[in-house]
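K.L.:
Input structure: entry12.txt, which contains compact mmCIF, C-alpha atoms.
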# COMPACT_ATOMS: atom_id res chain seq x y z
CA MET V 429 12.91 -32.69 1.63
CA MET V 430 14.50 -32.42 -1.81
CA CYS V 431 12.78 -30.56 -4.69
CA GLU V 432 14.20 -30.62 -8.23
CA LEU V 433 13.17 -27.86 -10.67
CA LEU V 434 13.05 -29.06 -14.26
CA GLY V 435 12.08 -27.60 -17.60
CA SER V 436 12.07 -24.03 -18.82
CA TRP V 437 11.37 -21.26 -16.26
CA THR V 438 10.64 -18.20 -18.37
CA ILE V 439 7.89 -15.63 -18.48
CA LEU V 440 6.57 -17.23 -21.68
CA GLU V 441 5.86 -20.46 -19.82
CA SER V 442 2.87 -20.97 -17.54
CA HIS V 443 3.65 -22.13 -13.99
CA GLU V 444 0.21 -21.92 -12.42
CA GLN V 445 -0.04 -25.69 -11.99
CA ILE V 446 3.37 -25.87 -10.29
CA LEU V 447 2.42 -23.04 -7.94
CA SER V 448 -0.85 -24.72 -7.01
CA LYS V 449 0.93 -28.04 -6.40
CA TRP V 450 3.54 -26.33 -4.24
CA THR V 451 0.80 -24.69 -2.16
CA LYS V 452 -0.88 -28.05 -1.59
CA VAL V 453 2.39 -29.74 -0.69
CA ILE V 454 3.57 -27.13 1.77
CA SER V 455 0.13 -27.03 3.41
CA SER V 456 -0.15 -30.82 3.79
CA GLU V 457 0.40 -32.70 7.03
CA LYS V 458 3.44 -34.47 5.56
CA CYS V 459 5.41 -31.22 5.71
CA SER V 460 4.65 -30.62 9.37
CA LYS V 461 7.72 -32.65 10.41
CA VAL V 462 10.03 -31.27 7.70
CA THR V 463 12.87 -29.13 9.07
CA ALA V 464 14.73 -28.30 5.85
CA CYS V 465 13.90 -28.10 2.15
CA SER V 466 16.51 -28.20 -0.63
CA PHE V 467 16.02 -27.02 -4.21
CA SER V 468 18.12 -27.87 -7.24
CA PHE V 469 18.23 -26.55 -10.80
CA PRO V 470 20.56 -27.53 -13.68
CA ASP V 471 23.39 -25.09 -14.44
CA ASN V 472 22.51 -25.03 -18.14
CA GLY V 473 18.77 -24.61 -17.54
CA ASN V 474 16.67 -21.95 -19.25
CA TRP V 475 15.35 -19.42 -16.71
CA ASP V 476 14.61 -15.76 -16.10
CA SER V 477 13.01 -13.59 -13.42
CA SER V 478 9.97 -15.88 -13.14
CA LEU V 479 12.16 -18.47 -11.38
CA ILE V 480 13.37 -15.85 -8.89
CA VAL V 481 9.78 -14.82 -8.18
CA PHE V 482 8.80 -18.43 -7.56
CA LEU V 483 11.76 -19.11 -5.27
CA ASN V 484 11.03 -15.95 -3.25
CA GLN V 485 7.49 -17.16 -2.72
CA VAL V 486 8.88 -20.54 -1.66
CA ILE V 487 11.28 -18.89 0.81
CA GLY V 488 8.44 -16.89 2.31
CA ASP V 489 6.26 -19.98 2.73
CA LEU V 490 9.13 -21.90 4.36
CA GLU V 491 9.94 -19.05 6.74
CA ASP V 492 6.31 -18.92 7.86
CA ARG V 493 6.57 -22.60 8.82
CA SER V 494 10.11 -22.34 10.33
CA ILE V 495 11.58 -24.59 7.63
CA VAL V 496 15.17 -24.01 6.53
CA PHE V 497 15.66 -23.22 2.84
CA ASP V 498 18.73 -25.03 1.46
CA ARG V 499 20.05 -23.48 -1.77
CA SER V 500 23.37 -25.26 -1.97
CA CYS V 501 22.25 -27.11 -5.10
CA LEU V 502 21.17 -23.95 -6.95
CA PRO V 503 23.44 -22.18 -9.51
CA LEU V 504 25.53 -19.26 -8.21
CA ASN V 505 23.74 -16.65 -10.35
CA ILE V 506 20.37 -17.63 -8.91
CA CYS V 507 21.75 -17.44 -5.36
CA LYS V 508 23.10 -13.91 -5.97
CA LEU V 509 19.72 -12.71 -7.24
CA LEU V 510 17.97 -14.31 -4.27
CA ASP V 511 20.35 -12.56 -1.87
CA PHE V 512 19.73 -9.22 -3.59
CA LYS V 513 15.97 -9.67 -3.45
CA ARG V 514 15.91 -10.82 0.18
CA ILE V 515 18.01 -7.85 1.31
CA SER V 516 15.48 -5.45 -0.20
CA LEU V 517 12.54 -7.26 1.38
CA ARG V 518 14.07 -8.20 4.72
CA ALA V 519 12.13 -6.95 7.73
CA SER V 520 13.51 -6.04 11.09
CA PRO V 521 13.20 -8.93 13.58
CA ASP V 522 12.47 -6.58 16.46
CA GLN V 523 9.30 -4.66 15.73
CA ALA V 524 9.80 -2.34 18.70
CA ASN V 525 13.24 -1.31 17.42
CA ASP V 526 11.79 -0.88 13.93
CA THR V 527 9.15 1.45 15.32
CA LYS V 528 11.81 3.46 17.13
CA ASN V 529 13.87 3.66 13.95
CA ARG V 530 10.89 4.91 11.99
CA ALA V 531 10.10 7.47 14.68
CA GLY V 532 13.72 8.63 14.61
CA ILE V 533 13.69 8.92 10.84
CA PHE V 534 10.43 10.90 10.99
CA ILE V 535 11.85 13.29 13.59
CA TYR V 536 15.06 13.67 11.60
CA LEU V 537 13.25 14.40 8.34
CA THR V 538 10.93 16.83 10.10
CA GLY V 539 13.92 18.64 11.53
CA VAL V 540 15.62 18.72 8.15
CA LYS V 541 12.52 20.40 6.68
CA LEU V 542 11.74 22.77 9.58
CA ILE V 543 15.19 24.00 10.63
CA PRO V 544 16.01 25.65 7.25
CA PHE V 545 12.60 27.37 7.21
CA PHE V 546 13.01 28.78 10.73
CA THR V 547 16.53 29.87 9.81
CA PHE V 548 15.08 31.64 6.77
CA TRP V 549 12.46 33.27 9.00
CA GLY V 550 15.13 34.46 11.45
CA LYS V 551 17.20 35.99 8.65
CA TRP V 552 14.11 37.87 7.48
CA TRP V 553 13.58 39.36 10.94
CA ILE V 554 17.23 40.44 11.02
CA ALA V 555 16.80 42.11 7.62
CA LEU V 556 13.62 43.83 8.89
CA TYR V 557 15.54 45.09 11.94
CA LYS V 558 18.17 46.67 9.67
CA LEU V 559 15.54 48.57 7.65
CA PRO V 560 14.81 51.44 10.11
CA LEU V 561 18.53 51.69 10.87
CA GLY V 562 19.26 52.57 7.24
CA ARG V 563 21.54 49.57 6.78
CA SER V 564 19.30 47.59 4.44
CA HIS V 565 19.76 47.01 0.71
CA MET V 566 16.01 47.18 0.08
CA ARG V 567 14.98 49.66 -2.62
CA MET V 568 11.82 51.67 -2.02
CA ASP V 569 10.92 51.61 -5.73
CA ASP V 570 10.79 47.81 -5.65
CA PHE V 571 8.69 47.89 -2.49
CA LEU V 572 6.09 50.28 -3.98
CA ARG V 573 5.92 48.26 -7.20
CA LEU V 574 5.35 45.06 -5.25
CA CYS V 575 2.65 46.75 -3.15
CA ARG V 576 0.87 47.72 -6.34
CA ASP V 577 1.19 44.23 -7.82
CA CYS V 578 -0.16 42.36 -4.80
CA GLY V 579 -2.62 45.08 -3.75
CA ALA V 580 -4.19 47.19 -6.49
CA MET V 581 -3.70 44.57 -9.20
CA GLY V 582 -5.51 42.00 -7.06
CA LEU V 583 -8.63 44.09 -6.47
CA PRO V 584 -10.70 42.63 -9.35
CA ILE V 585 -10.41 39.01 -8.21
CA ILE V 586 -10.82 40.00 -4.53
CA THR V 587 -13.96 41.95 -5.42
CA LEU V 588 -15.49 39.07 -7.33
CA ILE V 589 -14.69 36.41 -4.73
CA SER V 590 -15.80 38.53 -1.75
CA PHE V 591 -19.03 39.66 -3.36
CA LEU V 592 -20.00 36.12 -4.33
CA THR V 593 -19.06 34.84 -0.87
CA GLY V 594 -21.28 37.38 0.88
CA LEU V 595 -24.08 36.77 -1.60
CA THR V 596 -23.91 33.00 -1.15
CA MET V 597 -23.85 33.19 2.66
CA ALA V 598 -26.82 35.55 2.66
CA PHE V 599 -28.83 33.34 0.33
CA VAL V 600 -28.09 30.11 2.23
CA GLY V 601 -28.68 31.82 5.59
CA SER V 602 -32.01 33.28 4.49
CA VAL V 603 -33.29 29.83 3.52
CA GLN V 604 -32.55 28.48 7.00
CA LEU V 605 -33.55 31.56 9.00
CA GLN V 606 -36.84 31.83 7.14
CA LYS V 607 -37.97 28.66 8.93
CA PHE V 608 -37.79 30.58 12.22
CA ASN V 609 -39.14 33.85 10.83
CA ALA V 610 -35.76 35.51 11.58
CA THR V 611 -34.55 36.51 8.14
CA ILE V 612 -33.41 39.92 9.38
CA TYR V 613 -30.54 38.19 11.15
CA VAL V 614 -29.05 37.46 7.74
CA ALA V 615 -27.32 40.83 8.11
CA ASP V 616 -25.72 39.67 11.37
CA LEU V 617 -24.70 36.36 9.81
CA VAL V 618 -23.03 37.90 6.77
CA SER V 619 -21.31 40.77 8.57
CA LEU V 620 -19.90 38.67 11.43
CA ALA V 621 -18.82 35.85 9.13
CA MET V 622 -17.05 38.24 6.79
CA VAL V 623 -15.17 40.29 9.40
CA ARG V 624 -14.32 37.29 11.61
CA GLU V 625 -13.42 34.58 9.15
CA MET V 626 -14.29 34.74 5.50
CA GLY V 627 -12.78 38.12 4.63
CA ALA V 628 -9.27 37.34 5.87
CA LEU V 629 -9.46 33.69 4.81
CA MET V 630 -10.59 34.35 1.24
CA VAL V 631 -8.04 37.12 0.75
CA ALA V 632 -5.26 34.89 2.07
CA ILE V 633 -6.22 31.99 -0.20
CA VAL V 634 -6.41 34.26 -3.24
CA LEU V 635 -3.03 35.79 -2.43
CA ALA V 636 -1.52 32.34 -1.88
CA GLY V 637 -2.59 31.26 -5.36
CA ARG V 638 -1.79 34.57 -7.01
CA THR V 639 1.02 36.41 -5.22
CA GLY V 640 2.69 33.58 -3.31
CA ALA V 641 2.91 31.47 -6.45
CA SER V 642 4.33 34.40 -8.43
CA TYR V 643 6.99 34.96 -5.75
CA ALA V 644 8.01 31.31 -5.91
CA ALA V 645 8.09 31.32 -9.72
CA GLU V 646 10.02 34.59 -9.97
CA LEU V 647 12.67 33.70 -7.40
CA GLY V 648 12.94 30.14 -8.70
CA SER V 649 13.49 31.44 -12.22
CA MET V 650 16.15 33.85 -10.95
CA LYS V 651 17.90 30.97 -9.23
CA LEU V 652 17.62 28.86 -12.38
CA ASN V 653 19.23 31.63 -14.42
CA GLU V 654 21.95 32.12 -11.76
CA GLU V 655 20.82 35.67 -11.04
CA ILE V 656 20.76 34.88 -7.31
CA ASP V 657 24.42 33.88 -7.46
CA SER V 658 25.22 37.07 -9.35
CA LEU V 659 23.68 39.22 -6.61
CA ARG V 660 25.73 37.41 -3.98
CA THR V 661 28.86 37.91 -6.09
CA PHE V 662 28.20 41.67 -6.13
CA GLY V 663 27.93 41.61 -2.34
CA LEU V 664 24.18 42.23 -2.18
CA SER V 665 22.10 40.46 0.44
CA VAL V 666 19.46 38.35 -1.28
CA MET V 667 17.32 38.50 1.85
CA GLU V 668 17.37 42.30 1.97
CA PHE V 669 17.28 42.96 -1.77
CA LEU V 670 14.67 40.39 -2.88
CA ILE V 671 12.89 38.73 0.05
CA LEU V 672 12.32 41.65 2.44
CA PRO V 673 10.39 43.94 0.05
CA ARG V 674 8.18 41.08 -1.15
CA VAL V 675 7.19 39.83 2.28
CA LEU V 676 6.81 43.36 3.63
CA ALA V 677 4.58 44.35 0.70
CA ILE V 678 2.18 41.44 1.12
CA LEU V 679 2.27 41.86 4.91
CA ILE V 680 1.04 45.46 4.59
CA MET V 681 -1.45 44.93 1.76
CA THR V 682 -3.21 41.86 3.21
CA PRO V 683 -5.01 43.76 6.04
CA LEU V 684 -6.04 46.50 3.61
CA LEU V 685 -7.42 43.95 1.17
CA THR V 686 -9.19 42.22 4.06
CA LEU V 687 -11.01 45.42 5.02
CA TYR V 688 -12.00 45.88 1.39
CA ALA V 689 -13.18 42.26 1.16
CA ASP V 690 -15.27 42.69 4.33
CA VAL V 691 -17.08 45.69 2.84
CA VAL V 692 -17.65 43.98 -0.51
CA GLY V 693 -18.94 40.82 1.20
CA ILE V 694 -21.41 42.85 3.26
CA LEU V 695 -22.57 44.53 0.05
CA GLY V 696 -23.13 41.06 -1.42
CA GLY V 697 -25.34 40.18 1.53
CA LEU V 698 -27.11 43.54 1.14
CA THR V 699 -27.90 42.70 -2.48
CA VAL V 700 -29.67 39.49 -1.44
CA GLY V 701 -31.44 41.21 1.44
CA VAL V 702 -32.79 44.01 -0.74
CA GLN V 703 -33.56 42.08 -3.93
CA ILE V 704 -34.86 38.78 -2.51
CA MET V 705 -36.01 39.43 1.07
CA ASP V 706 -37.42 42.93 0.41
CA PHE V 707 -35.42 44.67 3.15
CA SER V 708 -34.75 48.35 2.90
CA ILE V 709 -31.14 49.44 2.62
CA SER V 710 -31.34 51.51 5.81
CA HIS V 711 -32.90 48.63 7.78
CA TYR V 712 -30.23 46.18 6.62
CA MET V 713 -27.38 48.57 7.39
CA GLU V 714 -28.77 49.34 10.86
CA GLN V 715 -28.86 45.61 11.62
CA THR V 716 -25.31 45.24 10.35
CA GLN V 717 -24.17 48.15 12.50
CA SER V 718 -25.76 46.64 15.60
CA ALA V 719 -24.00 43.32 14.89
CA LEU V 720 -20.62 45.05 14.62
CA VAL V 721 -21.03 47.28 17.67
CA GLU V 722 -17.94 45.63 19.18
CA MET V 723 -14.98 46.56 17.00
CA TRP V 724 -13.04 43.54 18.29
CA GLU V 725 -14.82 41.48 15.65
CA VAL V 726 -13.11 43.57 12.99
CA TYR V 727 -9.79 43.67 14.80
CA SER V 728 -9.68 39.88 15.16
CA GLY V 729 -10.01 39.47 11.40
CA LEU V 730 -7.24 42.01 10.83
CA CYS V 731 -4.95 40.19 13.28
CA LYS V 732 -5.50 36.99 11.32
CA SER V 733 -4.85 38.75 8.01
CA VAL V 734 -1.44 39.98 9.21
CA ALA V 735 -0.42 36.41 10.13
CA PHE V 736 -1.84 35.06 6.85
CA GLY V 737 0.09 37.62 4.81
CA LEU V 738 3.31 36.76 6.62
CA ILE V 739 2.75 33.05 5.92
CA VAL V 740 2.05 33.56 2.22
CA GLY V 741 5.05 35.84 1.70
CA LEU V 742 7.56 33.73 3.61
CA VAL V 743 6.44 30.40 2.16
CA GLY V 744 6.38 31.71 -1.42
CA CYS V 745 9.85 33.25 -1.15
CA TYR V 746 11.30 30.25 0.69
CA LYS V 747 10.02 27.77 -1.90
CA GLY V 748 11.26 29.89 -4.78
CA LEU V 749 14.69 30.42 -3.25
CA ASN V 750 15.06 26.67 -2.58
CA ALA V 751 13.70 25.46 -5.93
CA GLY V 752 15.59 22.82 -7.91
CA SER V 753 17.93 23.39 -10.80
CA ASN V 754 15.52 22.57 -13.64
CA SER V 755 12.10 23.65 -14.90
CA SER V 756 10.37 20.58 -13.51
CA GLU V 757 11.60 21.31 -9.99
CA LEU V 758 10.52 24.93 -10.42
CA GLY V 759 6.96 23.84 -11.19
CA LYS V 760 6.96 21.60 -8.13
CA ALA V 761 8.18 24.48 -5.98
CA VAL V 762 5.36 26.75 -7.18
CA THR V 763 2.75 24.06 -6.54
CA SER V 764 4.24 23.27 -3.14
CA SER V 765 4.19 26.94 -2.13
CA VAL V 766 0.45 27.23 -2.81
CA VAL V 767 -0.43 23.96 -1.06
CA LEU V 768 1.75 24.65 1.97
CA SER V 769 0.53 28.24 2.29
CA ILE V 770 -3.14 27.25 2.28
CA THR V 771 -2.47 24.43 4.76
CA LEU V 772 -0.63 26.74 7.16
CA ILE V 773 -3.35 29.38 6.76
CA VAL V 774 -6.06 26.95 7.83
CA ILE V 775 -3.94 25.71 10.77
CA CYS V 776 -3.17 29.28 11.84
CA ASP V 777 -6.86 30.21 11.62
CA ALA V 778 -7.77 27.28 13.86
CA LEU V 779 -5.10 28.32 16.38
CA PHE V 780 -6.40 31.89 16.42
CA GLU V 781 -9.98 30.75 17.06
CA THR V 782 -8.89 28.36 19.80
CA THR V 783 -6.85 31.10 21.47
CA PHE V 784 -9.69 33.62 21.26
CA SER V 785 -12.08 31.13 22.81
CA LEU V 786 -9.71 30.25 25.66
CA VAL V 787 -9.13 33.89 26.62
CA GLY V 788 -12.84 34.68 26.44
CA LEU V 789 -12.83 36.88 23.34
CA ARG V 790 -15.52 34.82 21.58
Would you write out, as structure tokens, the structure that this file holds?
P.N.:
Amino acid sequence: MMCELLGSWTILESHEQILSKWTKVISSEKCSKVTACSFSFPDNGNWDSSLIVFLNQVIGDLEDRSIVFDRSCLPLNICKLLDFKRISLRASPDQANDTKNRAGIFIYLTGVKLIPFFTFWGKWWIALYKLPLGRSHMRMDDFLRLCRDCGAMGLPIITLISFLTGLTMAFVGSVQLQKFNATIYVADLVSLAMVREMGALMVAIVLAGRTGASYAAELGSMKLNEEIDSLRTFGLSVMEFLILPRVLAILIMTPLLTLYADVVGILGGLTVGVQIMDFSISHYMEQTQSALVEMWEVYSGLCKSVAFGLIVGLVGCYKGLNAGSNSSELGKAVTSSVVLSITLIVICDALFETTFSLVGLR
């Protein structure tokens, strides 16, 4: 079958009628016995990308019907563009091999992302091992300043978030428990939820958005200004001088902030119990004490907080140290550190709860 393309094939021209006619022709019974289709176009014809788009659609329709596309009568420039376009759109003939290739690419990219992070983590443990041996470059003044920044300076926002969390849980719980005439168990609900989950989780999320992001921004800015390279030139270990005190500070302050958040959250529940449900302070505190008679509930939250603090510190420092070489990449690194930290915190929390349930601690 021979098809001759005439006229002007530009974006300014309308080719809807030609496309509709081509669809009818290729779908007709007359084309069922066609084995090859040839197209021609004059060398001096007026055309642009609209012709290439049309011919690609034609090639796709012919391939679906196992009809050979003959382009020997087309100009050389059109053939080159068709080859370029078909290479970019060509699919693998073996779908099984394509799936294996995709799986291999996924595994490779995952390894490329994970191996540097685990290497970074291992270097941090080596730097931590050198600290008690007196062979570390970490300065105690920097460590104390960082403890103050991520600990004492974060108390206002931790207080507000924890108090409102405890207040909200107590209010929502009282509405549901009132249906069963068991409003006194609001104290159990708030205290157990805060020490088990919400205290450590809320502190970790706040630190991820506040401290982890500041670590990423500070280290990324130092890299952008070539201060990291200067430290290496002077023979100072970046891991020991910059990373170790930051991660160690947030690792120590996170459990302390979690204990503080637990107390403030319980006080938020106490406020609802006293002001709305007319409980006495002594009655509410006795019920809270009976709910927390097993100190493992508190210890489990502290175990989680240690892991959460380690995640926030390592991720923030890693993203900052591996930020790009411009301000745009620095912003992406800060955003990525917060998102990745919160994601890993939630995953780690789920793993902790699953482990506690399997070993019979819940």
K.L.:
Centre and edge lengths of an axis-aligned box around all listed atoms of range 569-584 of chain V, with 6 Å added on each side, are to be given in Å to one decimal, as JSON.
P.N.:
{"center_x": 0.1, "center_y": 46.8, "center_z": -5.9, "size_x": 33.6, "size_y": 21.6, "size_z": 18.9}
K.L.:
Rounded to one decimal place, report the CA of Gly550 in chain V-CA of Val734 in chain V distance in Å.
P.N.:
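One can read the CA of Gly550 in chain V to CA of Val734 in chain V distance as 17.6 Å.
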K.L.:
Counting all atoms listed in the file, which of V:Phe669, V:Trp450, V:Tyr746, V:Phe467 gets nearest to Arg563 in chain V?
P.N.:
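Ranking V:Phe669, V:Trp450, V:Tyr746, V:Phe467 by distance to Arg563 in chain V, first place goes to V:Phe669.
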K.L.:
Give me the range 653-705 of chain V side of the contact with range 711-733 of chain V, cut-off 9 Å, one line per residue showing its nearest atom pair and distance in Å at one decimal, counting all atoms listed in the file, sorted by chain and residue number, as JSON lines.
P.N.:
{"residue": "V:Leu679", "atom": "CA", "partner": "V:Ser733", "partner_atom": "CA", "distance": 8.4}
{"residue": "V:Thr682", "atom": "CA", "partner": "V:Ser733", "partner_atom": "CA", "distance": 5.9}
{"residue": "V:Pro683", "atom": "CA", "partner": "V:Ser733", "partner_atom": "CA", "distance": 5.4}
{"residue": "V:Leu684", "atom": "CA", "partner": "V:Leu730", "partner_atom": "CA", "distance": 8.6}
{"residue": "V:Leu685", "atom": "CA", "partner": "V:Ser733", "partner_atom": "CA", "distance": 9.0}
{"residue": "V:Thr686", "atom": "CA", "partner": "V:Ser733", "partner_atom": "CA", "distance": 6.8}
{"residue": "V:Leu687", "atom": "CA", "partner": "V:Leu730", "partner_atom": "CA", "distance": 7.7}
{"residue": "V:Asp690", "atom": "CA", "partner": "V:Val726", "partner_atom": "CA", "distance": 9.0}
{"residue": "V:Ile694", "atom": "CA", "partner": "V:Thr716", "partner_atom": "CA", "distance": 8.4}
{"residue": "V:Leu698", "atom": "CA", "partner": "V:Tyr712", "partner_atom": "CA", "distance": 6.8}
{"residue": "V:Gly701", "atom": "CA", "partner": "V:Tyr712", "partner_atom": "CA", "distance": 7.3}
{"residue": "V:Val702", "atom": "CA", "partner": "V:Tyr712", "partner_atom": "CA", "distance": 8.1}
K.L.:
Might you pull out every residue within 12 Å of range 772-774 of chain V, with only C-alpha atoms counted and same-chain residues fewer than 4 positions away left off, and present them as JSON, numbers by chain?
P.N.:
{"V": [625, 626, 628, 629, 630, 631, 632, 633, 634, 635, 636, 732, 733, 734, 735, 736, 737, 738, 739, 740, 741, 742, 743, 764, 765, 766, 767, 768, 778, 779, 780, 781]}
K.L.:
Go ahead and write the residues just picked, C-alpha atoms, as a short mmCIF file (atom, residue, chain, number, x, y, z; two decimals), in the frame of the given file.
P.N.:
data_model
loop_
_atom_site.label_atom_id
_atom_site.label_comp_id
_atom_site.auth_asym_id
_atom_site.auth_seq_id
_atom_site.Cartn_x
_atom_site.Cartn_y
_atom_site.Cartn_z
CA GLU V 625 -13.42 34.58 9.15
CA MET V 626 -14.29 34.74 5.50
CA ALA V 628 -9.27 37.34 5.87
CA LEU V 629 -9.46 33.69 4.81
CA MET V 630 -10.59 34.35 1.24
CA VAL V 631 -8.04 37.12 0.75
CA ALA V 632 -5.26 34.89 2.07
CA ILE V 633 -6.22 31.99 -0.20
CA VAL V 634 -6.41 34.26 -3.24
CA LEU V 635 -3.03 35.79 -2.43
CA ALA V 636 -1.52 32.34 -1.88
CA LYS V 732 -5.50 36.99 11.32
CA SER V 733 -4.85 38.75 8.01
CA VAL V 734 -1.44 39.98 9.21
CA ALA V 735 -0.42 36.41 10.13
CA PHE V 736 -1.84 35.06 6.85
CA GLY V 737 0.09 37.62 4.81
CA LEU V 738 3.31 36.76 6.62
CA ILE V 739 2.75 33.05 5.92
CA VAL V 740 2.05 33.56 2.22
CA GLY V 741 5.05 35.84 1.70
CA LEU V 742 7.56 33.73 3.61
CA VAL V 743 6.44 30.40 2.16
CA SER V 764 4.24 23.27 -3.14
CA SER V 765 4.19 26.94 -2.13
CA VAL V 766 0.45 27.23 -2.81
CA VAL V 767 -0.43 23.96 -1.06
CA LEU V 768 1.75 24.65 1.97
CA ALA V 778 -7.77 27.28 13.86
CA LEU V 779 -5.10 28.32 16.38
CA PHE V 780 -6.40 31.89 16.42
CA GLU V 781 -9.98 30.75 17.06
#
K.L.:
Separation of CA of Phe497 in chain V and CA of Trp475 in chain V, in Å?
P.N.:
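These two atoms are separated by 19.9 Å.
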K.L.:
Residues at most 7 Å from range 586-598 of chain V, counting all atoms listed in the file, excluding those fewer than 5 positions away in the same chain, as a ChimeraX atom specification?
P.N.:
/V:614,618,631,689,692-697,700
K.L.:
Using Å and a single decimal, report how far CA of Gly663 in chain V sits from CA of Gly752 in chain V.
P.N.:
23.2 Å
K.L.:
Between V:Ile680, V:Val623, V:Ala761, V:Leu510, which residue has the minimum interatomic distance to Ser477 in chain V, considering only C-alpha atoms?
P.N.:
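Distance minimum relative to Ser477 in chain V lands on V:Leu510.
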K.L.:
Excluding Glu646 in chain V and any residue of its chain fewer than 2 positions from it, enumerate the residues within 10 Å of it, using all atoms listed in the file, and give them as a ChimeraX atom specification.
P.N.:
/V:640-644,648-652,744-745,748-749,758,762
K.L.:
Considering all atoms listed in the file, state which residue in the set V:Val600, V:Arg638, V:Ser466, V:Cys507 is at the smallest distance from Gly579 in chain V.
P.N.:
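The closest residue to Gly579 in chain V is V:Arg638.
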K.L.:
V:Ala677, V:Leu556, V:Lys508, V:Leu647: which is nearest Ala580 in chain V, counting all atoms listed in the file?
P.N.:
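Selected residue with least distance to Ala580 in chain V: V:Ala677.
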K.L.:
Counting all atoms listed in the file, which of V:Leu433, V:Thr463, V:Gln703, V:Leu672 gets nearest to Phe571 in chain V?
P.N.:
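For Phe571 in chain V, the nearest of the candidates is V:Leu672.
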K.L.:
Pick the closest to Glu654 in chain V from V:Met667, V:Gly759, V:Asn754, V:Thr639: which is it, counting all atoms listed in the file?
P.N.:
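Going through V:Met667, V:Gly759, V:Asn754, V:Thr639 one by one, the smallest distance to Glu654 in chain V is for V:Asn754.
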